[in-house]
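Colleague: Below is the file my_file-v8.cif, with mmCIF, C-alpha atoms and all ligand atoms.
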```
data_input
loop_
_atom_site.group_PDB
_atom_site.id
_atom_site.type_symbol
_atom_site.label_atom_id
_atom_site.label_comp_id
_atom_site.auth_asym_id
_atom_site.auth_seq_id
_atom_site.Cartn_x
_atom_site.Cartn_y
_atom_site.Cartn_z
ATOM 1 C CA MET Q 1 -13.595 2.730 43.690
ATOM 2 C CA THR Q 2 -11.854 4.215 46.790
ATOM 3 C CA THR Q 3 -13.629 5.484 49.910
ATOM 4 C CA SER Q 4 -13.248 9.052 48.562
ATOM 5 C CA GLY Q 5 -15.498 8.111 45.642
ATOM 6 C CA LYS Q 6 -12.572 8.304 43.200
ATOM 7 C CA PRO Q 7 -11.644 5.270 41.100
ATOM 8 C CA ALA Q 8 -8.472 3.338 42.022
ATOM 9 C CA SER Q 9 -7.627 3.285 38.322
ATOM 10 C CA PHE Q 10 -9.210 3.997 34.946
ATOM 11 C CA GLU Q 11 -8.907 2.720 31.391
ATOM 12 C CA VAL Q 12 -7.364 4.737 28.552
ATOM 13 C CA ARG Q 13 -8.131 3.731 24.964
ATOM 14 C CA ILE Q 14 -5.674 5.162 22.450
ATOM 15 C CA LEU Q 15 -5.861 5.019 18.662
ATOM 16 C CA ARG Q 16 -2.297 4.187 17.662
ATOM 17 C CA GLN Q 17 -0.404 4.304 14.376
ATOM 18 C CA ASP Q 18 3.250 3.362 13.966
ATOM 19 C CA ALA Q 19 4.156 5.616 11.021
ATOM 20 C CA PRO Q 20 2.595 7.812 8.272
ATOM 21 C CA GLY Q 21 0.229 5.821 6.055
ATOM 22 C CA GLU Q 22 0.275 2.739 8.327
ATOM 23 C CA PRO Q 23 -3.014 1.235 9.551
ATOM 24 C CA SER Q 24 -4.222 2.349 12.970
ATOM 25 C CA ARG Q 25 -5.300 0.177 15.900
ATOM 26 C CA TRP Q 26 -6.778 0.663 19.356
ATOM 27 C CA GLU Q 27 -4.739 -0.178 22.452
ATOM 28 C CA ARG Q 28 -6.048 -0.101 26.024
ATOM 29 C CA PHE Q 29 -4.067 0.798 29.122
ATOM 30 C CA ARG Q 30 -4.962 0.901 32.817
ATOM 31 C CA VAL Q 31 -3.663 3.925 34.688
ATOM 32 C CA PRO Q 32 -3.670 4.308 38.508
ATOM 33 C CA TYR Q 33 -5.744 7.311 39.556
ATOM 34 C CA GLU Q 34 -4.056 10.278 41.227
ATOM 35 C CA THR Q 35 -5.555 13.635 42.118
ATOM 36 C CA ASP Q 36 -5.066 16.605 39.758
ATOM 37 C CA MET Q 37 -4.060 14.589 36.689
ATOM 38 C CA ASN Q 38 -4.375 15.970 33.191
ATOM 39 C CA VAL Q 39 -4.157 13.960 29.965
ATOM 40 C CA ILE Q 40 -0.425 14.746 29.612
ATOM 41 C CA SER Q 41 0.269 13.196 33.026
ATOM 42 C CA VAL Q 42 -1.812 10.177 31.961
ATOM 43 C CA LEU Q 43 0.387 9.801 28.872
ATOM 44 C CA GLN Q 44 3.508 10.159 31.043
ATOM 45 C CA LYS Q 45 2.259 7.343 33.282
ATOM 46 C CA ILE Q 46 1.728 5.136 30.203
ATOM 47 C CA ALA Q 47 5.173 6.060 28.841
ATOM 48 C CA ALA Q 48 6.745 4.981 32.149
ATOM 49 C CA ASN Q 49 5.005 1.581 31.964
ATOM 50 C CA PRO Q 50 3.828 0.916 28.396
ATOM 51 C CA ARG Q 51 1.939 -2.326 29.024
ATOM 52 C CA THR Q 52 -1.563 -2.882 27.659
ATOM 53 C CA ILE Q 53 -4.493 -4.168 29.711
ATOM 54 C CA ASP Q 54 -4.020 -7.601 28.150
ATOM 55 C CA GLY Q 55 -0.416 -7.670 29.397
ATOM 56 C CA ARG Q 56 1.564 -6.883 26.236
ATOM 57 C CA ASP Q 57 4.660 -4.685 26.480
ATOM 58 C CA VAL Q 58 4.398 -2.113 23.673
ATOM 59 C CA ALA Q 59 6.275 0.960 22.459
ATOM 60 C CA PRO Q 60 5.501 4.088 24.503
ATOM 61 C CA VAL Q 61 2.704 6.223 23.033
ATOM 62 C CA ALA Q 62 3.975 9.274 21.105
ATOM 63 C CA TRP Q 63 2.415 12.682 21.703
ATOM 64 C CA GLU Q 64 3.477 16.315 21.420
ATOM 65 C CA SER Q 65 3.384 18.981 24.108
ATOM 66 C CA ASN Q 66 5.301 22.081 24.996
ATOM 67 C CA CYS Q 67 3.845 24.901 27.091
ATOM 68 C CA LEU Q 68 1.560 22.779 29.315
ATOM 69 C CA GLU Q 69 -0.708 25.807 29.769
ATOM 70 C CA GLU Q 70 -2.898 25.867 26.638
ATOM 71 C CA VAL Q 71 -0.768 28.408 24.799
ATOM 72 C CA CYS Q 72 1.245 26.498 22.171
ATOM 73 C CA GLY Q 73 -1.437 24.213 20.711
ATOM 74 C CA ALA Q 74 1.011 21.318 20.268
ATOM 75 C CA CYS Q 75 -0.923 18.832 22.418
ATOM 76 C CA THR Q 76 -4.192 19.120 20.485
ATOM 77 C CA MET Q 77 -5.963 15.768 20.085
ATOM 78 C CA VAL Q 78 -9.462 14.308 20.188
ATOM 79 C CA ILE Q 79 -10.322 13.459 23.798
ATOM 80 C CA ASN Q 80 -13.557 11.594 24.481
ATOM 81 C CA GLY Q 81 -14.768 12.697 21.053
ATOM 82 C CA ARG Q 82 -13.969 16.388 21.499
ATOM 83 C CA VAL Q 83 -10.979 18.148 19.952
ATOM 84 C CA ARG Q 84 -9.054 20.011 22.643
ATOM 85 C CA GLN Q 85 -5.682 20.381 24.367
ATOM 86 C CA ALA Q 86 -4.401 17.438 26.407
ATOM 87 C CA CYS Q 87 -2.671 19.748 28.905
ATOM 88 C CA SER Q 88 -5.909 21.454 29.941
ATOM 89 C CA ALA Q 89 -8.057 18.287 29.833
ATOM 90 C CA LEU Q 90 -8.443 17.338 33.495
ATOM 91 C CA VAL Q 91 -8.956 13.693 34.371
ATOM 92 C CA ASP Q 92 -11.484 14.393 37.151
ATOM 93 C CA GLN Q 93 -13.695 16.244 34.690
ATOM 94 C CA LEU Q 94 -13.305 13.624 31.966
ATOM 95 C CA LEU Q 95 -14.177 10.780 34.344
ATOM 96 C CA ALA Q 96 -17.142 12.731 35.696
ATOM 97 C CA ASP Q 97 -18.478 13.063 32.143
ATOM 98 C CA ARG Q 98 -17.669 9.456 31.142
ATOM 99 C CA PRO Q 99 -16.943 7.269 34.211
ATOM 100 C CA GLY Q 100 -14.112 4.760 34.058
ATOM 101 C CA GLU Q 101 -12.692 5.477 30.616
ATOM 102 C CA ILE Q 102 -10.809 8.085 28.593
ATOM 103 C CA GLU Q 103 -10.482 7.818 24.805
ATOM 104 C CA LEU Q 104 -7.644 9.523 22.921
ATOM 105 C CA ARG Q 105 -7.234 9.764 19.166
ATOM 106 C CA PRO Q 106 -5.196 12.015 16.871
ATOM 107 C CA MET Q 107 -6.880 14.806 14.925
ATOM 108 C CA SER Q 108 -8.442 13.334 11.788
ATOM 109 C CA LYS Q 109 -7.864 16.220 9.341
ATOM 110 C CA PHE Q 110 -4.073 16.010 9.343
ATOM 111 C CA PRO Q 111 -1.711 13.151 8.432
ATOM 112 C CA VAL Q 112 -0.551 11.147 11.442
ATOM 113 C CA TYR Q 113 3.194 11.013 12.057
ATOM 114 C CA ARG Q 114 2.858 8.540 14.901
ATOM 115 C CA ASP Q 115 0.141 7.792 17.491
ATOM 116 C CA LEU Q 116 -1.189 11.174 18.670
ATOM 117 C CA VAL Q 117 1.341 13.314 16.758
ATOM 118 C CA VAL Q 118 0.022 14.849 13.539
ATOM 119 C CA ASP Q 119 1.581 16.889 10.751
ATOM 120 C CA ARG Q 120 0.018 20.388 10.878
ATOM 121 C CA GLN Q 121 1.986 21.835 7.963
ATOM 122 C CA ARG Q 122 -1.205 22.609 6.080
ATOM 123 C CA LEU Q 123 -2.398 24.784 8.937
ATOM 124 C CA PHE Q 124 0.790 26.868 8.716
ATOM 125 C CA ARG Q 125 0.673 26.909 4.907
ATOM 126 C CA SER Q 126 -2.739 28.609 5.166
ATOM 127 C CA LEU Q 127 -1.105 31.369 7.226
ATOM 128 C CA VAL Q 128 1.511 31.807 4.487
ATOM 129 C CA ARG Q 129 -1.264 31.976 1.867
ATOM 130 C CA VAL Q 130 -2.926 34.930 3.626
ATOM 131 C CA ARG Q 131 0.391 36.588 4.552
ATOM 132 C CA ALA Q 132 -0.330 36.458 8.266
ATOM 133 C CA TRP Q 133 2.513 38.757 9.251
ATOM 134 C CA LEU Q 134 3.467 42.434 9.192
ATOM 135 C CA PRO Q 135 5.496 43.338 6.088
ATOM 136 C CA ILE Q 136 8.596 44.583 7.938
ATOM 137 C CA ASP Q 137 11.711 42.795 6.858
ATOM 138 C CA ASP Q 138 14.594 44.182 8.892
ATOM 139 C CA TYR Q 139 15.621 45.167 12.391
ATOM 140 C CA SER Q 140 16.382 48.861 11.791
ATOM 141 C CA ASP Q 141 14.991 51.433 14.213
ATOM 142 C CA ARG Q 142 11.957 52.881 12.480
ATOM 143 C CA GLY Q 143 10.761 54.869 15.496
ATOM 144 C CA PRO Q 144 7.337 54.414 17.018
ATOM 145 C CA GLY Q 145 4.756 52.746 14.835
ATOM 146 C CA PRO Q 146 1.378 54.252 14.027
ATOM 147 C CA ARG Q 147 -1.046 54.324 16.955
ATOM 148 C CA GLN Q 148 -4.096 52.102 17.137
ATOM 149 C CA SER Q 149 -7.255 53.428 18.754
ATOM 150 C CA GLN Q 150 -8.670 51.723 21.835
ATOM 151 C CA ALA Q 151 -11.532 50.369 19.708
ATOM 152 C CA GLU Q 152 -9.082 48.911 17.142
ATOM 153 C CA GLN Q 153 -7.042 47.289 19.920
ATOM 154 C CA GLU Q 154 -10.151 45.761 21.460
ATOM 155 C CA GLN Q 155 -11.152 44.294 18.113
ATOM 156 C CA ALA Q 156 -7.639 42.972 17.396
ATOM 157 C CA TYR Q 157 -6.676 41.520 20.788
ATOM 158 C CA PRO Q 158 -8.899 38.417 20.812
ATOM 159 C CA LEU Q 159 -7.618 37.455 17.351
ATOM 160 C CA THR Q 160 -3.992 37.604 18.542
ATOM 161 C CA GLU Q 161 -4.734 34.745 20.947
ATOM 162 C CA CYS Q 162 -4.818 32.141 18.151
ATOM 163 C CA MET Q 163 -2.269 29.412 18.974
ATOM 164 C CA SER Q 164 -2.565 27.536 15.645
ATOM 165 C CA CYS Q 165 -3.895 24.492 17.473
ATOM 166 C CA GLY Q 166 -6.132 23.211 14.663
ATOM 167 C CA CYS Q 167 -9.334 22.671 16.697
ATOM 168 C CA CYS Q 168 -11.317 24.923 14.335
ATOM 169 C CA LEU Q 169 -10.084 22.895 11.353
ATOM 170 C CA GLU Q 170 -10.811 19.516 12.926
ATOM 171 C CA ALA Q 171 -14.409 20.618 13.580
ATOM 172 C CA CYS Q 172 -15.020 22.272 10.185
ATOM 173 C CA PRO Q 173 -17.059 20.235 7.674
ATOM 174 C CA GLN Q 174 -15.484 22.194 4.806
ATOM 175 C CA PHE Q 175 -11.896 21.508 5.882
ATOM 176 C CA GLN Q 176 -11.296 18.050 4.463
ATOM 177 C CA LYS Q 177 -8.093 16.056 4.617
ATOM 178 C CA VAL Q 178 -5.882 16.629 1.554
ATOM 179 C CA ASP Q 179 -4.987 13.413 -0.270
ATOM 180 C CA LEU Q 180 -1.333 13.529 -1.320
ATOM 181 C CA SER Q 181 -1.253 9.896 -2.478
ATOM 182 C CA GLU Q 182 -1.370 10.896 -6.186
ATOM 183 C CA TYR Q 183 2.223 12.107 -5.759
ATOM 184 C CA GLY Q 184 3.372 8.799 -4.317
ATOM 185 C CA GLU Q 185 6.484 8.413 -2.190
ATOM 186 C CA GLY Q 186 8.703 11.450 -1.736
ATOM 187 C CA THR Q 187 6.168 14.239 -2.346
ATOM 188 C CA SER Q 188 8.140 17.461 -2.826
ATOM 189 C CA ASP Q 189 7.408 20.626 -0.817
ATOM 190 C CA GLU Q 190 6.194 22.296 -4.038
ATOM 191 C CA GLN Q 191 3.723 19.504 -4.810
ATOM 192 C CA ARG Q 192 2.469 19.439 -1.255
ATOM 193 C CA ASN Q 193 2.037 23.214 -1.060
ATOM 194 C CA ALA Q 194 0.263 23.278 -4.442
ATOM 195 C CA ALA Q 195 -2.224 20.697 -3.151
ATOM 196 C CA PHE Q 196 -2.701 22.645 0.071
ATOM 197 C CA ASP Q 197 -3.186 25.884 -1.879
ATOM 198 C CA ARG Q 198 -6.186 24.401 -3.743
ATOM 199 C CA SER Q 199 -7.872 23.365 -0.486
ATOM 200 C CA PHE Q 200 -9.885 25.367 2.053
ATOM 201 C CA LEU Q 201 -7.813 27.822 4.094
ATOM 202 C CA GLY Q 202 -9.724 27.336 7.329
ATOM 203 C CA ALA Q 203 -11.224 29.701 9.864
ATOM 204 C CA HIS Q 204 -7.928 30.396 11.671
ATOM 205 C CA ALA Q 205 -6.334 31.851 8.514
ATOM 206 C CA ILE Q 206 -9.399 33.948 7.636
ATOM 207 C CA SER Q 207 -9.320 35.374 11.149
ATOM 208 C CA GLN Q 208 -5.578 36.108 10.984
ATOM 209 C CA ALA Q 209 -6.078 37.870 7.633
ATOM 210 C CA MET Q 210 -8.595 40.142 9.358
ATOM 211 C CA LEU Q 211 -6.178 40.708 12.265
ATOM 212 C CA PHE Q 212 -3.374 41.876 9.985
ATOM 213 C CA ASN Q 213 -5.665 43.829 7.653
ATOM 214 C CA GLY Q 214 -6.835 45.792 10.696
ATOM 215 C CA HIS Q 215 -3.279 46.681 11.731
ATOM 216 C CA PRO Q 216 -1.926 50.093 10.599
ATOM 217 C CA ILE Q 217 1.183 48.503 9.040
ATOM 218 C CA GLY Q 218 -0.556 45.290 7.973
ATOM 219 C CA LYS Q 219 -3.003 47.405 5.972
ATOM 220 C CA THR Q 220 -0.265 48.084 3.414
ATOM 221 C CA SER Q 221 -0.686 44.515 2.117
ATOM 222 C CA ALA Q 222 -4.444 44.237 2.747
ATOM 223 C CA ALA Q 223 -5.269 43.819 -0.950
ATOM 224 C CA GLU Q 224 -2.973 40.789 -1.265
ATOM 225 C CA ARG Q 225 -4.627 39.151 1.753
ATOM 226 C CA LEU Q 226 -8.073 39.794 0.297
ATOM 227 C CA ASP Q 227 -6.934 38.322 -3.045
ATOM 228 C CA ALA Q 228 -5.793 35.204 -1.147
ATOM 229 C CA LEU Q 229 -9.155 34.988 0.635
ATOM 230 C CA MET Q 230 -10.918 35.140 -2.756
ATOM 231 C CA ALA Q 231 -8.683 32.591 -4.507
ATOM 232 C CA GLU Q 232 -9.392 28.866 -4.839
ATOM 233 C CA GLY Q 233 -10.024 27.349 -1.412
ATOM 234 C CA GLY Q 234 -10.853 30.784 0.008
ATOM 235 C CA ILE Q 235 -13.695 32.217 2.040
ATOM 236 C CA GLN Q 236 -16.322 31.175 -0.533
ATOM 237 C CA VAL Q 237 -15.830 27.568 0.612
ATOM 238 C CA CYS Q 238 -17.022 28.375 4.150
ATOM 239 C CA GLY Q 239 -20.546 27.043 4.612
ATOM 240 C CA ASN Q 240 -21.103 29.072 7.794
ATOM 241 C CA ALA Q 241 -21.743 25.949 9.880
ATOM 242 C CA GLN Q 242 -20.120 27.767 12.844
ATOM 243 C CA ASN Q 243 -18.524 24.585 14.247
ATOM 244 C CA CYS Q 244 -15.208 26.442 14.342
ATOM 245 C CA VAL Q 245 -16.290 29.114 16.795
ATOM 246 C CA ALA Q 246 -17.897 26.488 19.039
ATOM 247 C CA VAL Q 247 -14.643 24.554 19.568
ATOM 248 C CA CYS Q 248 -12.003 27.319 19.609
ATOM 249 C CA PRO Q 249 -10.336 27.010 23.045
ATOM 250 C CA LYS Q 250 -9.427 30.692 22.949
ATOM 251 C CA GLU Q 251 -13.031 31.712 22.213
ATOM 252 C CA ILE Q 252 -11.867 33.705 19.218
ATOM 253 C CA PRO Q 253 -14.865 35.298 17.459
ATOM 254 C CA LEU Q 254 -14.199 33.351 14.255
ATOM 255 C CA THR Q 255 -17.626 33.829 12.697
ATOM 256 C CA THR Q 256 -17.317 37.592 13.262
ATOM 257 C CA SER Q 257 -13.950 37.458 11.460
ATOM 258 C CA ILE Q 258 -15.503 35.408 8.644
ATOM 259 C CA ALA Q 259 -18.374 37.917 8.299
ATOM 260 C CA ARG Q 260 -15.867 40.818 8.248
ATOM 261 C CA ALA Q 261 -13.796 38.995 5.632
ATOM 262 C CA GLY Q 262 -16.927 38.411 3.547
ATOM 263 C CA ARG Q 263 -17.757 42.123 3.562
ATOM 264 C CA ALA Q 264 -14.139 43.137 2.868
ATOM 265 C CA THR Q 265 -13.794 40.755 -0.097
ATOM 266 C CA THR Q 266 -17.093 41.993 -1.584
ATOM 267 C CA ILE Q 267 -15.915 45.607 -1.385
ATOM 268 C CA HIS Q 268 -12.521 44.567 -2.773
ATOM 269 C CA THR Q 269 -14.193 42.858 -5.758
ATOM 270 C CA ILE Q 270 -16.302 45.942 -6.556
ATOM 271 C CA LYS Q 271 -13.235 48.183 -6.219
ATOM 272 C CA LYS Q 272 -11.220 45.973 -8.562
ATOM 273 C CA PHE Q 273 -14.086 46.031 -11.082
ATOM 274 C CA PHE Q 274 -14.135 49.859 -11.194
ATOM 275 C CA ASP Q 275 -10.341 50.131 -11.174
ATOM 276 C CA HIS Q 276 -10.168 48.258 -14.492
HETATM 277 S S1 LIG P 301 -18.149 28.688 9.741
HETATM 278 FE FE1 LIG P 301 -16.885 28.171 7.948
HETATM 279 S S2 LIG P 301 -14.845 27.864 8.777
HETATM 280 FE FE2 LIG P 301 -16.282 27.738 10.519
HETATM 281 S S3 LIG P 301 -16.769 25.561 10.718
HETATM 282 FE FE3 LIG P 301 -18.283 26.469 9.385
HETATM 283 S S4 LIG P 301 -17.540 26.137 7.308
HETATM 284 FE FE4 LIG P 301 -15.814 25.851 8.696
HETATM 285 S S1 LIG P 302 -8.705 29.992 15.767
HETATM 286 FE FE1 LIG P 302 -8.921 28.962 17.762
HETATM 287 S S2 LIG P 302 -9.275 26.819 17.252
HETATM 288 FE FE2 LIG P 302 -8.465 27.783 15.411
HETATM 289 S S3 LIG P 302 -6.257 27.444 15.446
HETATM 290 FE FE3 LIG P 302 -6.643 29.434 16.444
HETATM 291 S S4 LIG P 302 -6.849 28.993 18.637
HETATM 292 FE FE4 LIG P 302 -7.054 27.044 17.544
HETATM 293 S S1 LIG P 303 1.212 21.789 25.712
HETATM 294 FE FE1 LIG P 303 0.882 23.745 24.807
HETATM 295 S S2 LIG P 303 -1.251 23.814 24.537
HETATM 296 FE FE2 LIG P 303 -0.948 21.949 25.571
#
```
Represent the structure of the file as structure tokens.
Ligand code: SF4
Ligand code: SF4
Ligand code: FES
Modeller:
Amino acid sequence: MTTSGKPASFEVRILRQDAPGEPSRWERFRVPYETDMNVISVLQKIAANPRTIDGRDVAPVAWESNCLEEVCGACTMVINGRVRQACSALVDQLLADRPGEIELRPMSKFPVYRDLVVDRQRLFRSLVRVRAWLPIDDYSDRGPGPRQSQAEQEQAYPLTECMSCGCCLEACPQFQKVDLSEYGEGTSDEQRNAAFDRSFLGAHAISQAMLFNGHPIGKTSAAERLDALMAEGGIQVCGNAQNCVAVCPKEIPLTTSIARAGRATTIHTIKKFFDH
């Protein structure tokens, strides 16, 4: 401990894995303390001197990051037991909560590529399943789009902040890891997507379906999004545990979106019944 009350150094425990499907192992590193560090700068320090506490020289730890301002979601990992972004996880705060040690592990609901880097394809596949886009397929000048009221904009804006980070999926008891081992080596994209399409969509995709169904142009494919929400792995799987909303770094009102989606799919079912 220095005279300023800050530690001279701290320990970082990292759950490491060399490649997909390989066993994982813990490695411990000692990092000199500096003011204003975040977990990315801790990982940079380790990369510059990848030597464990017991003196072994090892391969630098792999992680992903991009924006460094909690906008891209790439650096999401489990830090001291809580899923969050490494770029906005400040060392002073982490050491205040758990003196002397920081623990890093990859998200558990996605396959690990290497160390702290995971494969989030399933997260993006869920967005494809609910058609999380506006159905405009060219660059021609169509003039001004339809106006949204102030109230519609206020409802939509928080949902647009989703950065596809995966925190809501990591925390969700209904979002379980998909086992692709039945396909063996060389799983094709079709096999993988078919397996994903049978599994729970996740809160992020339900919320994005509500975002685009509330948009004047998005409304033109609202029925297809509602069909996707009602298909296998859809909103009926949600157990309303509300873990998702508690961990979303963007404070997106996910349970409000899920409740809206529940009402919309009920009305859609009744409408389909009378249309037949
Ligand atoms: S409310 Fe639904 S989506 Fe959110 S954590 Fe619970 S089960 Fe998962
Ligand atoms: S809804 Fe929140 S927690 Fe889930 S992916 Fe989007 S930003 Fe991340
Ligand atoms: S680097 Fe983009 S959210 Fe952390």
Colleague: Show me, as a list in words, the residues that have an atom within 7 Å of stretch 143-146 of chain Q when counting all atoms listed in the file, minus same-chain residues fewer than 2 positions from it.
Modeller: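 Near stretch 143-146 of chain Q, the qualifying residues are Asp141, Gln148 and Pro216 of chain Q.
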Colleague: Could those residues be written to a file, using C-alpha atoms, as a compact mmCIF listing (two decimals), in the coordinates of the input?
Modeller:
```txt
# COMPACT_ATOMS: atom_id res chain seq x y z
CA ASP Q 141 14.99 51.43 14.21
CA GLN Q 148 -4.10 52.10 17.14
CA PRO Q 216 -1.93 50.09 10.60
```
Colleague: Write out, as JSON lines, each residue of chain Q that has an atom at most 9 Å from ligand LIG 303 (chain P), together with the closest pair of atoms and their distance in Å to one decimal, counting all atoms listed in the file, rows going by chain and rising number.
Modeller:
```
{"residue": "Q:Ile40", "atom": "CA", "partner": "P:LIG303", "partner_atom": "S1", "distance": 8.2}
{"residue": "Q:Glu64", "atom": "CA", "partner": "P:LIG303", "partner_atom": "S1", "distance": 7.3}
{"residue": "Q:Ser65", "atom": "CA", "partner": "P:LIG303", "partner_atom": "S1", "distance": 3.9}
{"residue": "Q:Asn66", "atom": "CA", "partner": "P:LIG303", "partner_atom": "S1", "distance": 4.2}
{"residue": "Q:Cys67", "atom": "CA", "partner": "P:LIG303", "partner_atom": "FE1", "distance": 3.9}
{"residue": "Q:Leu68", "atom": "CA", "partner": "P:LIG303", "partner_atom": "S1", "distance": 3.8}
{"residue": "Q:Glu69", "atom": "CA", "partner": "P:LIG303", "partner_atom": "FE1", "distance": 5.6}
{"residue": "Q:Glu70", "atom": "CA", "partner": "P:LIG303", "partner_atom": "S2", "distance": 3.4}
{"residue": "Q:Val71", "atom": "CA", "partner": "P:LIG303", "partner_atom": "S2", "distance": 4.6}
{"residue": "Q:Cys72", "atom": "CA", "partner": "P:LIG303", "partner_atom": "FE1", "distance": 3.8}
{"residue": "Q:Gly73", "atom": "CA", "partner": "P:LIG303", "partner_atom": "S2", "distance": 3.9}
{"residue": "Q:Ala74", "atom": "CA", "partner": "P:LIG303", "partner_atom": "FE1", "distance": 5.1}
{"residue": "Q:Cys75", "atom": "CA", "partner": "P:LIG303", "partner_atom": "FE2", "distance": 4.4}
{"residue": "Q:Thr76", "atom": "CA", "partner": "P:LIG303", "partner_atom": "FE2", "distance": 6.7}
{"residue": "Q:Arg84", "atom": "CA", "partner": "P:LIG303", "partner_atom": "FE2", "distance": 8.8}
{"residue": "Q:Gln85", "atom": "CA", "partner": "P:LIG303", "partner_atom": "FE2", "distance": 5.1}
{"residue": "Q:Ala86", "atom": "CA", "partner": "P:LIG303", "partner_atom": "FE2", "distance": 5.7}
{"residue": "Q:Cys87", "atom": "CA", "partner": "P:LIG303", "partner_atom": "FE2", "distance": 4.4}
{"residue": "Q:Ser88", "atom": "CA", "partner": "P:LIG303", "partner_atom": "FE2", "distance": 6.6}
{"residue": "Q:Met163", "atom": "CA", "partner": "P:LIG303", "partner_atom": "S2", "distance": 8.0}
{"residue": "Q:Cys165", "atom": "CA", "partner": "P:LIG303", "partner_atom": "S2", "distance": 7.6}
```
Colleague: So what does the PyMOL selection byres (((not hetatm)) within 8 of (chain P and resi 301)) actually pick up in this one, as a list in words?
Modeller: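 With the PyMOL selection byres (((not hetatm)) within 8 of (chain P and resi 301)) on this model, the match is Cys168, Leu169, Ala171, Cys172, Pro173, Gln174, Phe175, Gly202, Ala203, His204, Ile235, Val237, Cys238, Gly239, Asn240, Ala241, Gln242, Asn243, Cys244, Val245, Leu254, Thr255 and Ile258 of chain Q.
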Colleague: Counting all atoms listed in the file, which residues of stretch 13-132 of chain Q sit at most 8 Å from some atom of stretch 222-228 of chain Q, and what is each one's closest atom pair with its distance in Å to one decimal, listed by chain and rising residue number, as JSON lines?
Modeller:
```
{"residue": "Q:Arg129", "atom": "CA", "partner": "Q:Ala228", "partner_atom": "CA", "distance": 6.3}
{"residue": "Q:Val130", "atom": "CA", "partner": "Q:Arg225", "partner_atom": "CA", "distance": 4.9}
{"residue": "Q:Arg131", "atom": "CA", "partner": "Q:Arg225", "partner_atom": "CA", "distance": 6.3}
```
Colleague: Mind dumping the selected residues with C-alpha atoms as a compact mmCIF listing (two decimals), in the frame of the given file?
Modeller:
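Output (out-v6.txt):
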```txt
# COMPACT_ATOMS: atom_id res chain seq x y z
CA ARG Q 129 -1.26 31.98 1.87
CA VAL Q 130 -2.93 34.93 3.63
CA ARG Q 131 0.39 36.59 4.55
```
Colleague: Given the PyMOL selection byres (((chain Q and resi 6) around 12) and not hetatm) and the file above, list the residues it selects as a ChimeraX atom specification.
Modeller: /Q:1-5,7-10,32-36,91-93,95-96,99-100
Colleague: Given the choices Q:Leu159, Q:Met230, Q:Ala62, Q:Leu211, which gets closest to ligand LIG 302 (chain P) if the distance is worked out from all atoms listed in the file?
Modeller: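 Closest to ligand LIG 302 (chain P) of all the choices is Q:Leu159.
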Colleague: Just to confirm, what's the straight-line distance from atom CA of Q:Leu104 to atom CA of Q:Val78 in Å (one decimal)?
Modeller: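 Going from atom CA of Q:Leu104 over to atom CA of Q:Val78 covers 5.8 Å.
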Colleague: Quick one: of Q:Ser126, Q:Asn49, Q:Gln208, Q:Gln17, who's nearest to Q:Asn193, counting only C-alpha atoms?
Modeller: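 That would be Q:Ser126, the residue with the smallest distance to Q:Asn193.
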Colleague: Using only the atoms of ligand LIG 302 (chain P) listed in the file, plus 8 Å on each side, state the axis-aligned box centre and edge lengths in Å rounded to one decimal, as lines of an AutoDock Vina configuration file.
Modeller:
```
center_x = -7.8
center_y = 28.4
center_z = 17.0
size_x = 19.0
size_y = 19.2
size_z = 19.2
```
Colleague: With all atoms listed in the file as the counted atoms, please give the residues lying no more than 9 Å from Q:Glu251, apart from itself and same-chain residues fewer than 5 positions off, as a PyMOL selection string.
Modeller: chain Q and resi 158+161+245-246
Colleague: Tell me, in Å to one decimal, how far atom CA of Q:Arg105 is from atom CA of Q:Gly233.
Modeller: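 Calculated distance between atom CA of Q:Arg105 and atom CA of Q:Gly233 is 27.2 Å.
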